[in-house]
Amino acid sequence: MSTLKHVYLSNSSLFVNNKLVLRGENPIFAKFLKEVYLYNLSRYPKFYKMDALSKLAFVASEVLLKDYKHKHQAEEVGIILQNKSSTIIVDKKHQASISNREEYFPSPANFVYTLPNVMTGEICIRNGFKGENAVFIVPGFDAAFLMNYLQILFDNDKTKMMLGGFVDAGEDYYEAFMFIIDEQNYKEIQADQLYNLYKELKENAETS
Amino acid sequence: MGNRIAITGLGIVSALGMNVSENLDSLKKGISGISSLALLDSVYKNILPVGEIKKTDKQLADILQITYSEEYTRTALLAMIAAKEAWGVSGNNTDRSGIISATTVAGMRTSEQHYVDFLQHKDKSHFVETHDAGDSTEKVADYLGINDFVTTISTACSSSANSIMLGARLLKANKLDRVLVGGVDALSLFTINGFNTLMILDKEPCRSFDDDRAGLNLGEAAAFLQLVPEDKLRKTDHVYGYIAAYANANDAYHQTASSPEGVGATLAMQKAIDLAGIEKSEVDYINAHGTATHNNDLSEGLSIMKVFGDEIPAVSSTKPFTGHTLAAAGAVEAVFSVLSLQKGLIYPNLNFSNQMKELSFSPVVKLLQTNVKYVLSNSFGFGGNNSSIIYSGD
Amino acid sequence: MDKLIQELKEEIIEALNLEDMEIDEIDEEQALFGDGLGLDSIDALELIVLLEKNYGIKIEDPKQGKDIFYSVKSMAEYITAHQK
């Protein structure tokens, strides 16, 4: 797994390749996201407009892609993510804005984020990725499903480089696990190893 | 080309009619289905024109010869009518058969009527069952006895184009022998109000590719195609046409708007032409997405120019006939494309009068009778989910 | 006017869910759309809702929004001129 670049964010901690690179000062999810954004990423005002889930996926992808050298065209790159809670945080906000007949002001800015695949959209928009992209709702990170899907794409020459992972957020929990896989290393990566890596990172974040 | 995908059944219900022949008749006569909303109680009733099917849910159930009950949403009923026409009466029980349907609003039309009561009155909870996108697909599957593969796609306005693509892929991968593909959307307050807040609904009948276009008209419809790979065709199958190629590409531009230059649309059309193994000059007709919003028609028009250069084939949008039927649009226009091949017809782009300044071409405004071998049909969804499918006659 | 400008900044942050942005991160003369704050057509609709909800001003034609919503300052000027 040494060839796989990965990031993990949870519990106010940011890990890059299993190394703790940022320990958030503020335990609040939103504040931590801004800390990661300001940590060493370039200016992208659209960040502020995103819902919590997109922000989480976005900062994870930015950290992941920063200083990552590759020779692939953006158009050949794709992204497949998994998620458990869909867009529950912004769904509740939207619901609150339409639950009262007298104060009925649904917000387009919220509404456009009430789909989990918007997080992959934001990453594609940021990087110009035009490869295959999808979000699968799963009960928990399913490494076997994800690796099988990614391997099929590589085996059939549908892609050269992919981002993969599990990005999930609810009102009192959040985690993002994201990695880069390409035509060079995809055969070396076994689903059970990937799952063990995820477990290890999760435990590290919980005890950090 | 290997094992080609044949189209062996067509079914449609739209504001133009309750079956294929009624739809074709309206297309030939140039009669639009756009009218005032009659069957839904909206504050925009006499303000925003729509492509409405003038049958109550009870009347739809009567056409299907089933007992009307709250178990069937309007979405499910429309889907069942079109699916039945495309699937035919002959049971295909020996085949591995599947259905891929598409919808965006699903059971919303019913849910929204009970939404306020639901929180207080739990007895309305049975509508929760009919709300999700899979409900109408499952109703069709049960009604026609299709059970080897049942799934539902929701990618906004490219939904049913994508269900056609998925169906063709499953056949090519030999996962199924026969598949029913298409989509459905019923009009609902949700979509009318939603699109209205986006300020993209025209108060007049929509004017696709017109310089003065002011937005789209919403419509409702269901349309399905029956697909069979060529090597599994039966003697009883009638072949209406073939799916020559398809491609889907994204814009990577914005969550809802298409990129002004039509990056994804260009990619999708170009890839489809390449995969079909034809010259772009062989495309006889482009059935455009042509919603009549400022954004779509500009970006689609520019991308057509980019792909076809100086030799732009006949182009028209049939949205002024049917309204924009959202998830059903790709399948509705697939049926129209296949009829175009069969009958040698190119449909007029109704309500057109002023050439768009940015474009080098204008749409076809009169019904043309000509030899049509290849039709390219575009379906572009929110967020730049762009699909192009090429249909061929033989 | 200054009071209105401060108020508008707060309202824009709330309406557009720019929740982690601070008031002084918005310059009242800076362009809201494009390169400035990076707003887009969906946000323009949100600002139309904001004017209706908080100031009772209704905008029928979204094309009008381009000038009104150029900056926080131009919004404040429009509100001052049109509020009943």
# chains A, B, ... in the order shown; residues from 1 in each chain; ligands from 1
$ select_by_dssp --residues "segment 50-137 of chain A" --states "strand (DSSP E or B)" --output "list in words"
Val77, Gly78, Ile79, Ile80, Leu81, Gln82, Asn83, Asn133, Ala134, Val135, Phe136 and Ile137 of chain A
$ closest_atom_pairs --of "chain A" --to "chain B" --cutoff "6 Å" --atoms "only C-alpha atoms" --output "Markdown table"
| residue | atom | partner | partner_atom | distance |
| --- | --- | --- | --- | --- |
| A:Cys124 | CA | B:Ala252 | CA | 5.2 |
| A:Ile125 | CA | B:Ala252 | CA | 4.2 |
| A:Gly128 | CA | B:Ala252 | CA | 5.5 |
| A:Lys130 | CA | B:Asn250 | CA | 5.7 |
$ residues_around --residues "Gln190 of chain A" --least-positions-apart "4" --cutoff "9 Å" --atoms "only C-alpha atoms" --output "short mmCIF file (atom, residue, chain, number, x, y, z; two decimals) with N, CA, C and O atoms, in the first residue's frame"
data_model
loop_
_atom_site.label_atom_id
_atom_site.label_comp_id
_atom_site.auth_asym_id
_atom_site.auth_seq_id
_atom_site.Cartn_x
_atom_site.Cartn_y
_atom_site.Cartn_z
N MET A 1 0.83 -1.20 0.00
CA MET A 1 0.00 0.00 0.00
C MET A 1 0.87 1.26 0.00
O MET A 1 0.35 2.35 0.06
N ALA A 143 -14.94 -1.51 0.84
CA ALA A 143 -13.71 -1.53 0.03
C ALA A 143 -13.81 -2.52 -1.13
O ALA A 143 -13.34 -2.24 -2.23
N ALA A 144 -14.48 -3.65 -0.90
CA ALA A 144 -14.55 -4.68 -1.93
C ALA A 144 -15.34 -4.16 -3.14
O ALA A 144 -14.91 -4.29 -4.29
N MET A 147 -13.25 -1.25 -4.89
CA MET A 147 -12.09 -1.72 -5.63
C MET A 147 -12.50 -2.49 -6.89
O MET A 147 -11.89 -2.35 -7.94
N TYR A 186 -3.02 0.04 -9.65
CA TYR A 186 -4.33 -0.48 -9.26
C TYR A 186 -4.35 -1.98 -9.03
O TYR A 186 -5.13 -2.48 -8.21
N LEU A 194 -7.05 -2.34 1.72
CA LEU A 194 -7.59 -0.99 1.71
C LEU A 194 -8.52 -0.80 2.91
O LEU A 194 -8.49 0.24 3.57
N TYR A 195 -9.31 -1.82 3.18
CA TYR A 195 -10.23 -1.73 4.30
C TYR A 195 -9.47 -1.66 5.63
O TYR A 195 -9.80 -0.87 6.52
#
$ residues_around --residues "Phe190 of chain B" --least-positions-apart "3" --cutoff "8 Å" --atoms "only C-alpha atoms" --output "list in words"
Val105, Met108, Arg109, Glu112, Asn193 and Gly194 of chain B
$ residues_around --residues "Glu10 of chain C" --least-positions-apart "3" --cutoff "10 Å" --atoms "only C-alpha atoms" --output "list in words"
Leu4, Ile5, Gln6, Glu7, Ile13, Glu14, Ala15, Leu18, Glu19, Met21, Glu22, Ile23 and Ile26 of chain C
$ write_last_selection --atoms "C-alpha atoms" --output "PDB file, in the first residue's frame"
ATOM      1  CA  LEU C   4     -27.471  49.003   5.799  1.00  0.00           C
ATOM      2  CA  ILE C   5     -24.208  47.801   4.257  1.00  0.00           C
ATOM      3  CA  GLN C   6     -23.207  45.981   7.442  1.00  0.00           C
ATOM      4  CA  GLU C   7     -26.682  44.520   7.702  1.00  0.00           C
ATOM      5  CA  ILE C  13     -23.536  35.493   4.606  1.00  0.00           C
ATOM      6  CA  GLU C  14     -26.669  33.961   6.083  1.00  0.00           C
ATOM      7  CA  ALA C  15     -28.678  33.637   2.866  1.00  0.00           C
ATOM      8  CA  LEU C  18     -21.259  31.462   3.670  1.00  0.00           C
ATOM      9  CA  GLU C  19     -21.357  30.608   7.335  1.00  0.00           C
ATOM     10  CA  MET C  21     -16.978  33.839   6.231  1.00  0.00           C
ATOM     11  CA  GLU C  22     -16.461  36.922   8.404  1.00  0.00           C
ATOM     12  CA  ILE C  23     -18.168  40.253   7.664  1.00  0.00           C
ATOM     13  CA  ILE C  26     -16.435  41.111   2.172  1.00  0.00           C
TER      14      ILE C  26
END
$ interface_residues --of "chain C" --to "chain A" --cutoff "10 Å" --atoms "only C-alpha atoms" --output "ChimeraX atom specification"
/C:13,15-21,35-40,42-47,49-50,53
$ residues_around --residues "Phe336 of chain B" --least-positions-apart "6" --cutoff "12 Å" --atoms "only C-alpha atoms" --output "ChimeraX atom specification"
/B:10-14,16,19-28,223-225,240-241,285-288,316-319,321-322,329-330,342-347,375-377,391
$ residues_around --residues "Val21 of chain A" --least-positions-apart "4" --cutoff "12 Å" --atoms "only C-alpha atoms" --output "PyMOL selection string"
chain A and resi 7-9+12-17+36+39-40+63+205+208
$ closest_residue --among "B:Asp202, B:Asp135, B:Glu85, B:Glu279" --to "chain C" --atoms "only C-alpha atoms"
B:Asp202
$ closest_residue --among "A:Leu41, A:Leu146, A:Leu153, A:Ala176" --to "Asp192 of chain A" --atoms "only C-alpha atoms"
A:Leu146
$ select_by_dssp --residues "segment 28-190 of chain A" --states "helix (DSSP H, G or I)" --output "PyMOL selection string"
chain A and resi 29-40+45-49+52-65+74-76+88-97+108-111+118-127+143-155
$ atom_distance --atom1 "atom CA of Phe209 of chain B" --atom2 "atom CA of Met18 of chain B"
27.6 Å
$ atom_distance --atom1 "atom CA of Ser54 of chain A" --atom2 "atom CA of Asp91 of chain A"
13.1 Å
$ decode --residues "segment 9-41 of chain C" --atoms "N, CA and C atoms" --output "compact mmCIF listing (two decimals), in the first residue's frame"
# COMPACT_ATOMS: atom_id res chain seq x y z
N LYS C 9 -24.31 42.65 4.52
CA LYS C 9 -23.22 41.66 4.55
C LYS C 9 -23.61 40.47 5.42
N GLU C 10 -24.19 40.79 6.57
CA GLU C 10 -24.64 39.70 7.45
C GLU C 10 -25.70 38.85 6.77
N GLU C 11 -26.62 39.53 6.10
CA GLU C 11 -27.72 38.80 5.45
C GLU C 11 -27.22 37.95 4.29
N ILE C 12 -26.25 38.48 3.56
CA ILE C 12 -25.70 37.72 2.43
C ILE C 12 -24.99 36.47 2.95
N ILE C 13 -24.23 36.64 4.01
CA ILE C 13 -23.54 35.49 4.61
C ILE C 13 -24.55 34.44 5.04
N GLU C 14 -25.66 34.91 5.62
CA GLU C 14 -26.67 33.96 6.08
C GLU C 14 -27.41 33.31 4.91
N ALA C 15 -27.86 34.15 3.97
CA ALA C 15 -28.68 33.64 2.87
C ALA C 15 -27.90 32.68 1.97
N LEU C 16 -26.64 32.98 1.75
CA LEU C 16 -25.86 32.14 0.84
C LEU C 16 -25.08 31.07 1.59
N ASN C 17 -25.38 30.96 2.88
CA ASN C 17 -24.72 29.94 3.70
C ASN C 17 -23.20 30.03 3.65
N LEU C 18 -22.72 31.28 3.64
CA LEU C 18 -21.26 31.46 3.67
C LEU C 18 -20.85 31.48 5.14
N GLU C 19 -21.34 30.50 5.88
CA GLU C 19 -21.36 30.61 7.33
C GLU C 19 -19.98 30.84 7.98
N ASP C 20 -18.93 30.40 7.33
CA ASP C 20 -17.62 30.56 7.96
C ASP C 20 -16.91 31.81 7.49
N MET C 21 -17.60 32.61 6.71
CA MET C 21 -16.98 33.84 6.23
C MET C 21 -17.26 34.96 7.24
N GLU C 22 -16.27 35.81 7.47
CA GLU C 22 -16.46 36.92 8.40
C GLU C 22 -16.91 38.15 7.63
N ILE C 23 -17.64 39.05 8.32
CA ILE C 23 -18.17 40.25 7.66
C ILE C 23 -17.06 41.06 6.98
N ASP C 24 -15.93 41.22 7.66
CA ASP C 24 -14.87 42.05 7.06
C ASP C 24 -14.11 41.33 5.94
N GLU C 25 -14.48 40.08 5.66
CA GLU C 25 -13.90 39.42 4.48
C GLU C 25 -14.61 39.86 3.20
N ILE C 26 -15.73 40.59 3.35
CA ILE C 26 -16.43 41.11 2.17
C ILE C 26 -16.21 42.62 2.09
N ASP C 27 -15.70 43.05 0.95
CA ASP C 27 -15.51 44.48 0.70
C ASP C 27 -16.74 44.98 -0.04
N GLU C 28 -17.36 46.08 0.43
CA GLU C 28 -18.64 46.49 -0.17
C GLU C 28 -18.54 46.91 -1.64
N GLU C 29 -17.34 47.24 -2.08
CA GLU C 29 -17.20 47.65 -3.48
C GLU C 29 -16.74 46.50 -4.39
N GLN C 30 -16.35 45.41 -3.74
CA GLN C 30 -15.84 44.25 -4.50
C GLN C 30 -16.99 43.59 -5.29
N ALA C 31 -16.67 43.09 -6.48
CA ALA C 31 -17.69 42.41 -7.28
C ALA C 31 -18.16 41.14 -6.56
N LEU C 32 -19.48 40.96 -6.47
CA LEU C 32 -20.00 39.77 -5.80
C LEU C 32 -19.87 38.54 -6.70
N PHE C 33 -20.02 38.78 -8.01
CA PHE C 33 -20.00 37.65 -8.95
C PHE C 33 -18.64 37.51 -9.61
N GLY C 34 -18.46 36.42 -10.32
CA GLY C 34 -17.21 36.22 -11.05
C GLY C 34 -16.03 36.09 -10.10
N ASP C 35 -14.99 36.83 -10.37
CA ASP C 35 -13.75 36.65 -9.62
C ASP C 35 -13.81 37.15 -8.18
N GLY C 36 -14.72 38.08 -7.90
CA GLY C 36 -14.77 38.64 -6.56
C GLY C 36 -15.10 37.60 -5.52
N LEU C 37 -16.38 37.59 -5.12
CA LEU C 37 -16.80 36.63 -4.10
C LEU C 37 -17.11 35.28 -4.72
N GLY C 38 -17.11 35.22 -6.05
CA GLY C 38 -17.32 33.93 -6.73
C GLY C 38 -18.76 33.46 -6.73
N LEU C 39 -19.70 34.39 -6.67
CA LEU C 39 -21.11 33.98 -6.70
C LEU C 39 -21.52 33.64 -8.14
N ASP C 40 -22.65 32.90 -8.27
CA ASP C 40 -23.12 32.52 -9.60
C ASP C 40 -24.62 32.73 -9.73
N SER C 41 -25.18 32.20 -10.82
CA SER C 41 -26.59 32.49 -11.12
C SER C 41 -27.56 31.99 -10.04
